[in-house]
$ cat protein29.cif   # mmCIF, C-alpha atoms
data_my_file
#
loop_
_atom_site.label_atom_id
_atom_site.label_comp_id
_atom_site.auth_asym_id
_atom_site.auth_seq_id
_atom_site.Cartn_x
_atom_site.Cartn_y
_atom_site.Cartn_z
CA MET F 12 14.96 38.51 -22.01
CA ASP F 13 13.39 35.96 -19.68
CA PHE F 14 14.67 32.72 -21.14
CA PHE F 15 13.16 30.68 -18.29
CA GLN F 16 9.71 32.01 -19.21
CA ALA F 17 10.47 31.24 -22.84
CA ALA F 18 11.26 27.63 -21.97
CA PHE F 19 8.06 27.45 -19.92
CA ASP F 20 6.03 28.94 -22.79
CA ASN F 21 7.51 26.69 -25.48
CA ASP F 22 9.05 29.79 -27.12
CA ILE F 23 11.92 28.30 -29.09
CA LYS F 24 12.42 31.51 -31.09
CA THR F 25 13.46 33.32 -27.91
CA LEU F 26 15.54 30.38 -26.69
CA LEU F 27 17.60 30.58 -29.88
CA LYS F 28 18.83 33.99 -28.71
CA ALA F 29 20.32 32.60 -25.48
CA GLU F 30 24.12 32.44 -25.54
CA ASN F 31 24.60 30.07 -22.61
CA LEU F 32 21.32 28.21 -22.50
CA LEU F 33 22.97 24.91 -21.52
CA GLU F 34 24.46 26.31 -18.30
CA MET F 35 21.76 28.81 -17.38
CA LYS F 36 20.25 28.32 -13.89
CA ASN F 37 17.97 30.41 -11.71
CA ILE F 38 18.42 31.10 -7.98
CA LYS F 39 16.89 27.69 -7.17
CA GLY F 40 19.41 25.93 -9.36
CA GLN F 41 16.79 25.04 -11.96
CA THR F 42 17.78 24.82 -15.61
CA LEU F 43 15.87 25.80 -18.72
CA LEU F 44 14.95 22.13 -19.08
CA HIS F 45 13.32 22.20 -15.65
CA PHE F 46 11.19 25.12 -16.85
CA ALA F 47 10.30 23.47 -20.14
CA ILE F 48 9.04 20.50 -18.13
CA PHE F 49 7.22 22.77 -15.64
CA GLY F 50 5.36 24.32 -18.58
CA GLY F 51 4.63 21.01 -20.29
CA SER F 52 6.55 22.35 -23.28
CA ILE F 53 7.59 19.23 -25.15
CA GLU F 54 9.01 21.09 -28.18
CA ALA F 55 11.18 23.31 -25.98
CA ALA F 56 12.30 20.29 -23.97
CA SER F 57 13.22 18.43 -27.17
CA PHE F 58 15.08 21.49 -28.46
CA LEU F 59 17.10 21.85 -25.26
CA ILE F 60 17.91 18.15 -25.19
CA ASN F 61 19.06 18.28 -28.82
CA GLN F 62 21.28 21.23 -27.92
CA GLY F 63 22.98 19.01 -25.35
CA ILE F 64 21.49 20.22 -22.06
CA ASP F 65 22.14 17.95 -19.08
CA VAL F 66 18.90 15.99 -18.51
CA ASN F 67 20.13 14.98 -15.06
CA ALA F 68 21.05 18.44 -13.79
CA THR F 69 19.60 18.87 -10.31
CA ASP F 70 18.28 21.95 -8.57
CA HIS F 71 18.99 22.94 -4.96
CA SER F 72 16.43 20.40 -3.71
CA GLY F 73 18.30 17.65 -5.57
CA GLU F 74 15.65 17.13 -8.23
CA ASN F 75 16.23 16.61 -11.92
CA ALA F 76 13.50 17.45 -14.43
CA LEU F 77 12.02 13.94 -14.19
CA PHE F 78 10.65 14.72 -10.72
CA ASP F 79 8.11 17.21 -12.06
CA CYS F 80 6.91 14.64 -14.58
CA ALA F 81 6.25 12.18 -11.76
CA ARG F 82 4.75 14.83 -9.49
CA ARG F 83 2.28 16.06 -12.13
CA SER F 84 1.70 12.97 -14.30
CA LYS F 85 3.48 14.25 -17.42
CA LEU F 86 3.91 10.84 -19.03
CA GLU F 87 5.00 11.90 -22.52
CA LEU F 88 7.61 14.29 -21.15
CA ALA F 89 8.85 11.56 -18.83
CA LYS F 90 9.22 9.23 -21.81
CA LEU F 91 11.20 11.92 -23.64
CA LEU F 92 13.55 12.43 -20.70
CA ILE F 93 14.06 8.71 -20.09
CA LEU F 94 14.66 8.11 -23.80
CA ASN F 95 17.46 10.66 -23.46
CA ASN F 96 19.03 9.00 -20.42
CA ALA F 97 17.29 10.75 -17.55
CA ASN F 98 18.20 8.82 -14.41
CA PRO F 99 15.16 7.68 -12.35
CA ASN F 100 17.41 6.87 -9.40
CA ILE F 101 18.62 10.37 -8.57
CA ALA F 102 17.25 11.11 -5.10
CA ASN F 103 16.24 14.53 -3.84
CA ARG F 104 17.19 15.88 -0.41
CA LYS F 105 14.40 13.88 1.21
CA ASP F 106 15.85 10.76 -0.43
CA GLU F 107 12.72 10.52 -2.55
CA LEU F 108 12.83 9.16 -6.08
CA PRO F 109 10.36 10.03 -8.84
CA ILE F 110 8.66 6.68 -8.20
CA HIS F 111 7.67 7.84 -4.70
CA LEU F 112 5.93 10.87 -6.18
CA ALA F 113 4.25 8.82 -8.89
CA ALA F 114 2.94 6.42 -6.24
CA HIS F 115 1.60 9.30 -4.14
CA ARG F 116 -0.26 10.55 -7.20
CA GLY F 117 -1.58 7.07 -7.97
CA ASP F 118 -0.13 7.18 -11.49
CA GLU F 119 0.25 3.52 -12.42
CA GLN F 120 1.48 4.26 -15.95
CA MET F 121 4.22 6.50 -14.61
CA VAL F 122 5.20 3.88 -12.04
CA LYS F 123 5.45 1.24 -14.78
CA LEU F 124 7.53 3.57 -16.95
CA LEU F 125 9.94 4.26 -14.10
CA ILE F 126 10.22 0.55 -13.33
CA GLU F 127 10.97 -0.14 -17.01
CA ALA F 128 13.69 2.50 -16.72
CA ASN F 129 15.19 0.46 -13.85
CA SER F 130 14.02 2.63 -10.99
CA ILE F 131 14.98 1.26 -7.59
CA LEU F 132 11.74 -0.33 -6.38
CA ASN F 133 12.18 -0.31 -2.62
CA LYS F 134 14.20 2.84 -2.02
CA LYS F 135 13.55 4.23 1.47
CA THR F 136 13.34 7.95 2.10
CA LEU F 137 14.84 9.76 5.08
CA ASP F 138 11.53 9.03 6.85
CA ASP F 139 11.94 5.30 6.06
CA ARG F 140 9.08 5.38 3.60
CA LEU F 141 8.69 3.21 0.52
CA PRO F 142 6.63 4.11 -2.55
CA ILE F 143 3.75 2.05 -1.11
CA HIS F 144 3.66 4.34 1.94
CA TYR F 145 3.35 7.32 -0.40
CA ALA F 146 0.45 5.69 -2.23
CA ILE F 147 -1.34 4.99 1.05
CA LEU F 148 -0.81 8.50 2.43
CA GLY F 149 -2.02 9.85 -0.91
CA GLY F 150 -5.22 7.82 -0.59
CA GLN F 151 -4.52 5.95 -3.82
CA LEU F 152 -6.45 2.74 -3.14
CA LYS F 153 -6.86 1.84 -6.82
CA ILE F 154 -3.11 1.52 -7.34
CA ILE F 155 -2.32 -0.39 -4.13
CA PRO F 156 -2.85 -4.01 -5.35
CA SER F 157 -0.91 -3.51 -8.59
CA LEU F 158 1.80 -1.50 -6.83
CA MET F 159 2.31 -4.28 -4.29
CA LYS F 160 2.78 -6.75 -7.14
CA LEU F 161 5.11 -4.45 -9.06
CA LEU F 162 7.22 -3.77 -5.96
CA LYS F 163 7.09 -7.44 -4.88
CA ILE F 164 6.51 -6.72 -1.20
CA SER F 165 4.23 -8.11 1.50
CA TYR F 166 1.24 -6.35 3.02
CA LEU F 167 2.69 -7.29 6.41
CA ILE F 168 5.81 -5.11 6.19
CA SER F 169 6.72 -2.63 8.93
CA ASP F 170 9.03 0.37 8.78
CA GLU F 171 12.00 0.85 11.11
CA TYR F 172 9.65 2.39 13.68
CA GLY F 173 7.38 -0.65 13.67
CA ASN F 174 4.59 1.07 11.75
CA THR F 175 2.53 -1.27 9.57
CA LEU F 176 0.79 -0.16 6.41
CA LEU F 177 -2.32 0.10 8.57
CA HIS F 178 -0.60 2.62 10.84
CA TYR F 179 0.01 4.77 7.76
CA ALA F 180 -3.54 4.37 6.48
CA ALA F 181 -4.89 5.31 9.91
CA ARG F 182 -3.34 8.76 9.44
CA THR F 183 -5.79 9.36 6.60
CA THR F 184 -9.59 9.56 6.55
CA ASN F 185 -9.83 6.89 3.85
CA VAL F 186 -12.17 4.24 5.27
CA GLU F 187 -12.02 2.17 2.08
CA MET F 188 -8.23 2.08 2.17
CA ILE F 189 -8.19 0.98 5.80
CA SER F 190 -10.86 -1.66 5.23
CA PHE F 191 -8.91 -3.05 2.28
CA LEU F 192 -5.65 -3.29 4.23
CA ILE F 193 -7.42 -5.04 7.11
CA SER F 194 -8.81 -7.54 4.57
CA GLN F 195 -5.20 -8.30 3.57
CA GLY F 196 -4.47 -9.65 7.04
CA ILE F 197 -2.83 -6.67 8.75
CA ASP F 198 -3.46 -6.88 12.48
CA VAL F 199 -5.52 -3.98 13.85
CA ASN F 200 -3.74 -4.44 17.19
CA SER F 201 -0.18 -4.43 15.87
CA LEU F 202 2.12 -2.14 17.86
CA ASN F 203 4.83 0.23 16.67
CA ASP F 204 7.91 1.13 18.70
CA GLN F 205 5.83 3.59 20.74
CA LEU F 206 3.58 0.62 21.58
CA GLU F 207 0.72 2.24 19.72
CA SER F 208 -1.76 0.40 17.54
CA PRO F 209 -3.22 1.99 14.39
CA LEU F 210 -6.21 3.09 16.48
CA PHE F 211 -3.97 5.64 18.22
CA SER F 212 -3.18 7.23 14.84
CA ALA F 213 -6.85 7.21 13.86
CA VAL F 214 -7.81 9.02 17.06
CA LYS F 215 -5.07 11.63 16.53
CA THR F 216 -6.27 12.20 12.96
CA GLY F 217 -9.78 12.72 14.25
CA SER F 218 -11.91 10.74 11.80
CA LEU F 219 -14.85 9.24 13.68
CA ASP F 220 -15.69 6.95 10.75
CA VAL F 221 -12.17 5.50 10.81
CA VAL F 222 -12.31 5.01 14.59
CA LYS F 223 -15.67 3.25 14.22
CA LEU F 224 -14.19 0.91 11.61
CA PHE F 225 -11.32 -0.04 13.92
CA ILE F 226 -13.72 -0.69 16.79
CA GLN F 227 -15.86 -2.81 14.47
CA GLU F 228 -12.74 -4.84 13.64
CA GLU F 229 -12.08 -5.36 17.38
CA ALA F 230 -9.23 -2.94 17.87
CA LEU F 231 -8.57 -2.90 21.61
CA LEU F 232 -9.38 0.30 23.47
CA ASP F 233 -7.32 -0.56 26.53
CA ILE F 234 -3.88 -0.83 24.95
CA LYS F 235 -1.40 1.51 26.65
CA ASN F 236 1.48 3.18 24.83
CA ARG F 237 4.91 3.92 26.27
CA ARG F 238 3.43 6.82 28.23
CA TYR F 239 0.68 4.52 29.50
CA GLU F 240 -1.93 6.41 27.51
CA THR F 241 -4.88 4.62 25.92
CA PRO F 242 -6.61 5.68 22.70
CA PHE F 243 -9.26 7.32 24.90
CA ASP F 244 -6.56 9.35 26.65
CA ILE F 245 -5.27 10.44 23.24
CA ALA F 246 -8.78 11.57 22.28
CA VAL F 247 -8.88 13.72 25.41
CA ILE F 248 -5.41 15.16 24.78
CA TYR F 249 -6.30 16.02 21.17
CA GLU F 250 -9.73 17.33 22.21
CA GLN F 251 -11.54 15.02 19.80
CA ASP F 252 -14.95 15.54 21.40
CA ASN F 253 -16.96 13.42 18.95
CA ILE F 254 -14.55 10.51 19.40
CA ILE F 255 -14.58 10.91 23.19
CA LYS F 256 -18.38 10.64 23.21
CA TYR F 257 -18.37 7.64 20.88
CA LEU F 258 -15.78 5.76 22.94
CA ASP F 259 -17.57 6.65 26.18
CA ASP F 260 -20.81 5.25 24.80
CA PHE F 261 -19.11 2.15 23.40
CA LYS F 262 -17.59 1.33 26.79
CA LEU F 263 -21.12 0.98 28.19
CA THR F 264 -22.10 -1.71 25.69
CA PRO F 265 -22.10 -5.50 26.22
CA LYS F 266 -19.94 -5.79 23.09
CA TYR F 267 -17.15 -3.84 24.80
CA GLU F 268 -17.41 -5.95 27.95
CA GLN F 269 -17.22 -9.13 25.89
CA LEU F 270 -14.26 -7.79 23.90
CA VAL F 271 -12.32 -7.04 27.09
CA TYR F 272 -13.23 -10.41 28.60
CA ASN F 273 -12.15 -12.35 25.51
CA ASN F 274 -8.86 -10.46 25.27
CA GLN F 275 -7.76 -10.33 28.90
CA LEU F 276 -4.52 -12.23 28.35
CA ILE F 277 -3.74 -10.39 25.13
CA LEU F 278 -4.18 -7.03 26.84
CA ALA F 279 -1.95 -8.12 29.73
CA VAL F 280 0.79 -9.00 27.24
CA LEU F 281 0.39 -5.91 25.06
CA ASN F 282 0.44 -3.73 28.19
CA ARG F 283 3.54 -5.49 29.62
CA ASP F 284 1.62 -6.32 32.80
CA THR F 285 3.24 -9.53 34.02
CA ALA F 286 1.52 -9.40 37.42
CA LEU F 287 -1.90 -9.34 35.78
CA LEU F 288 -0.81 -12.03 33.32
CA LYS F 289 0.14 -14.36 36.18
CA GLU F 290 -3.09 -13.59 38.00
CA LEU F 291 -5.23 -14.37 34.96
CA LEU F 292 -3.39 -17.58 34.19
CA ALA F 293 -3.81 -18.68 37.80
CA LYS F 294 -7.57 -18.30 37.25
CA ASN F 295 -7.26 -20.58 34.19
CA ILE F 296 -8.30 -17.86 31.76
CA PRO F 297 -7.94 -19.57 28.35
CA LEU F 298 -5.58 -18.49 25.57
CA ASN F 299 -8.34 -17.22 23.28
CA LYS F 300 -7.47 -16.21 19.74
CA ASN F 301 -8.75 -12.82 18.65
CA LYS F 302 -10.52 -11.93 15.40
CA GLN F 303 -7.14 -11.75 13.64
CA GLY F 304 -6.23 -15.26 14.81
CA TYR F 305 -3.62 -14.33 17.44
CA ASP F 306 -3.49 -15.26 21.12
CA ALA F 307 -1.45 -13.83 24.00
CA LEU F 308 1.48 -16.18 23.36
CA ASP F 309 1.60 -15.13 19.71
CA TYR F 310 1.88 -11.48 20.74
CA ALA F 311 4.47 -12.22 23.42
CA LYS F 312 6.63 -13.96 20.80
CA LYS F 313 6.00 -11.30 18.15
CA TYR F 314 7.16 -8.49 20.42
CA LYS F 315 9.95 -10.53 22.01
CA PHE F 316 8.41 -10.26 25.49
CA LYS F 317 10.45 -13.20 26.82
CA LEU F 318 9.19 -12.97 30.40
CA ALA F 319 5.59 -13.19 29.19
CA VAL F 320 6.49 -16.13 26.93
CA ASP F 321 8.01 -17.96 29.90
CA ILE F 322 5.04 -17.18 32.15
CA ILE F 323 2.55 -18.50 29.59
CA ASN F 324 4.59 -21.59 28.75
CA ASN F 325 5.04 -22.46 32.44
CA LYS F 326 1.46 -21.90 33.53
#

$ encode --input "protein29.cif" --output "structure tokens"
Amino acid sequence: MDFFQAAFDNDIKTLLKAENLLEMKNIKGQTLLHFAIFGGSIEAASFLINQGIDVNATDHSGENALFDCARRSKLELAKLLILNNANPNIANRKDELPIHLAAHRGDEQMVKLLIEANSILNKKTLDDRLPIHYAILGGQLKIIPSLMKLLKISYLISDEYGNTLLHYAARTTNVEMISFLISQGIDVNSLNDQLESPLFSAVKTGSLDVVKLFIQEEALLDIKNRRYETPFDIAVIYEQDNIIKYLDDFKLTPKYEQLVYNNQLILAVLNRDTALLKELLAKNIPLNKNKQGYDALDYAKKYKFKLAVDIINNK
């Protein structure tokens, strides 16, 4: 008899015939309770729990049955498991918790349930991602404001690689998400540890609408990463022909010329070009603030570019 199928199908009559149903596992290490949850079989799940099955038994990926509830928005089954002491803080092999998966799905009710069950709120995965990163990558704009309040974190956080929430959003094609995060004060010209702004990620992803939004918000086209590549260079490398044409055309506009002129000192700092910085300061180029309210000195301090700080302060 296939007892795993019976658990999946809510077939308690067949489950009653199993002699070792509490210890039974398949080749993936999944228990009958896992399968009852997979099938959405609340009666079978209740039966197995009443028989004494371990609600926190994990499969070979490190997941207890609660993970599938979070992954597929099975709220009532999650309540049943938690009521019977399912642990929301068991991490899988990626160091994900169920709350990460609930955030990725945009399931606010599940997130609240897990928080009520004392889920760790700011658990980082092996990729240094918080639940908020999962929500952003899942395109779950509706849950973002409430999730930020529930998790009690700032929109200005960065991961260990220097990526802001805007860097994550730029990997998607969600223009609304990106626009919202910009409205929360995240700098479109913030750099990660590869010295790349979110525009680099947008170009790699290939969404012209997202690239246009960043340009509209005065993301700088002439920032150079650690390999001294600009976003335009990235477009060429990734063969993003529509983006190449758009950027080529934009560079011919007065708006682009004005953007470069207004941000000369900022670009010199962000590109680590001390010779150019000295040259511009000698010409009395003013410390203009950009659309986000930052000037060259602000960026030099933010990125701990001490030589640039000294040059600007001693001009």

$ resolve_selection --input "protein29.cif" --expression "the PyMOL selection byres ((chain F and resi 24-34) around 10)" --output "MDAnalysis selection string"
chainID F and resid 12:18 21:23 35:36 42:44 55 58:60 62:65 68

$ residues_around --input "protein29.cif" --residues "Arg238 in chain F" --least-positions-apart "3" --cutoff "12 Å" --atoms "only C-alpha atoms" --output "list in words"
Asp204, Gln205, Leu206, Glu207, Ile234, Lys235, Thr241, Pro242, Asp244, Ile245 and Asn282 of chain F

$ residues_around --input "protein29.cif" --residues "Ile226 in chain F" --least-positions-apart "4" --cutoff "10 Å" --atoms "all atoms listed in the file" --output "list in words"
Val199, Leu210, Asp220, Val221, Val222, Ala230, Leu231, Leu232, Leu258, Phe261 and Tyr267 of chain F

$ residues_around --input "protein29.cif" --residues "Asn174 in chain F" --least-positions-apart "3" --cutoff "9 Å" --atoms "only C-alpha atoms" --output "PyMOL selection string"
chain F and resi 168-171+177-179+201-204+207-209

$ closest_residue --input "protein29.cif" --among "F:Arg116, F:Ile189, F:Val66, F:Pro109" --to "Leu94 in chain F" --atoms "all atoms listed in the file"
F:Val66

$ resolve_selection --input "protein29.cif" --expression "the PyMOL selection byres ((chain F and resi 98) around 10)" --output "compact mmCIF listing (two decimals) with C-alpha atoms, in the frame of the given file"
# COMPACT_ATOMS: atom_id res chain seq x y z
CA VAL F 66 18.90 15.99 -18.51
CA ASN F 67 20.13 14.98 -15.06
CA ASN F 75 16.23 16.61 -11.92
CA ALA F 76 13.50 17.45 -14.43
CA LEU F 77 12.02 13.94 -14.19
CA LEU F 92 13.55 12.43 -20.70
CA ILE F 93 14.06 8.71 -20.09
CA ASN F 95 17.46 10.66 -23.46
CA ASN F 96 19.03 9.00 -20.42
CA ALA F 97 17.29 10.75 -17.55
CA PRO F 99 15.16 7.68 -12.35
CA ASN F 100 17.41 6.87 -9.40
CA ILE F 101 18.62 10.37 -8.57
CA ALA F 102 17.25 11.11 -5.10
CA LEU F 108 12.83 9.16 -6.08
CA PRO F 109 10.36 10.03 -8.84
CA LEU F 125 9.94 4.26 -14.10
CA ALA F 128 13.69 2.50 -16.72
CA ASN F 129 15.19 0.46 -13.85
CA SER F 130 14.02 2.63 -10.99

$ axis_aligned_box --input "protein29.cif" --around "range 34-49 of chain F" --padding-each-side "4 Å" --output "lines of an AutoDock Vina configuration file"
center_x = 15.8
center_y = 25.8
center_z = -13.7
size_x = 25.2
size_y = 18.6
size_z = 21.0

$ closest_residue --input "protein29.cif" --among "F:Thr216, F:Asn295, F:Thr175, F:Thr136" --to "Leu112 in chain F" --atoms "all atoms listed in the file"
F:Thr136

$ closest_residue --input "protein29.cif" --among "F:His115, F:Lys90, F:Lys294, F:His71" --to "Ser57 in chain F" --atoms "all atoms listed in the file"
F:Lys90

$ atom_distance --input "protein29.cif" --atom1 "CA of Glu268 in chain F" --atom2 "CA of Gly217 in chain F"
24.4 Å

$ atom_distance --input "protein29.cif" --atom1 "CA of Ile147 in chain F" --atom2 "CA of Met188 in chain F"
7.6 Å

$ resolve_selection --input "protein29.cif" --expression "the PyMOL selection byres ((chain F and resi 161) around 9)" --output "list in words"
Val122, Lys123, Ile126, Leu132, Pro156, Ser157, Leu158, Met159, Lys160, Leu162, Lys163 and Ile164 of chain F

$ residues_around --input "protein29.cif" --residues "Thr285 in chain F" --least-positions-apart "6" --cutoff "9 Å" --atoms "only C-alpha atoms" --output "list of chain:residue names"
F:Ala279, F:Leu318, F:Ala319, F:Ile322

$ atom_distance --input "protein29.cif" --atom1 "CA of Val280 in chain F" --atom2 "CA of Ala180 in chain F"
25.1 Å

$ closest_residue --input "protein29.cif" --among "F:Ile154, F:Leu291, F:Leu224, F:Ala246" --to "Glu187 in chain F" --atoms "all atoms listed in the file"
F:Leu224

$ decode --input "protein29.cif" --residues "range 192-208 of chain F" --atoms "C-alpha atoms" --output "JSON list (two decimals), in the first residue's frame"
[["chain", "number", "residue", "atom", "x", "y", "z"],
["F", 192, "LEU", "CA", 11.38, 52.18, -3.00],
["F", 193, "ILE", "CA", 12.83, 55.31, -4.58],
["F", 194, "SER", "CA", 10.01, 57.30, -2.94],
["F", 195, "GLN", "CA", 11.19, 55.92, 0.43],
["F", 196, "GLY", "CA", 14.51, 57.70, 0.05],
["F", 197, "ILE", "CA", 16.77, 54.96, -1.29],
["F", 198, "ASP", "CA", 19.54, 56.53, -3.35],
["F", 199, "VAL", "CA", 19.48, 55.52, -7.02],
["F", 200, "ASN", "CA", 23.25, 56.03, -7.12],
["F", 201, "SER", "CA", 24.12, 53.93, -4.07],
["F", 202, "LEU", "CA", 27.00, 51.53, -4.71],
["F", 203, "ASN", "CA", 27.45, 47.92, -3.63],
["F", 204, "ASP", "CA", 30.84, 46.31, -2.98],
["F", 205, "GLN", "CA", 31.33, 45.87, -6.73],
["F", 206, "LEU", "CA", 30.85, 49.64, -7.00],
["F", 207, "GLU", "CA", 27.68, 49.11, -8.99],
["F", 208, "SER", "CA", 24.53, 51.19, -8.63]]
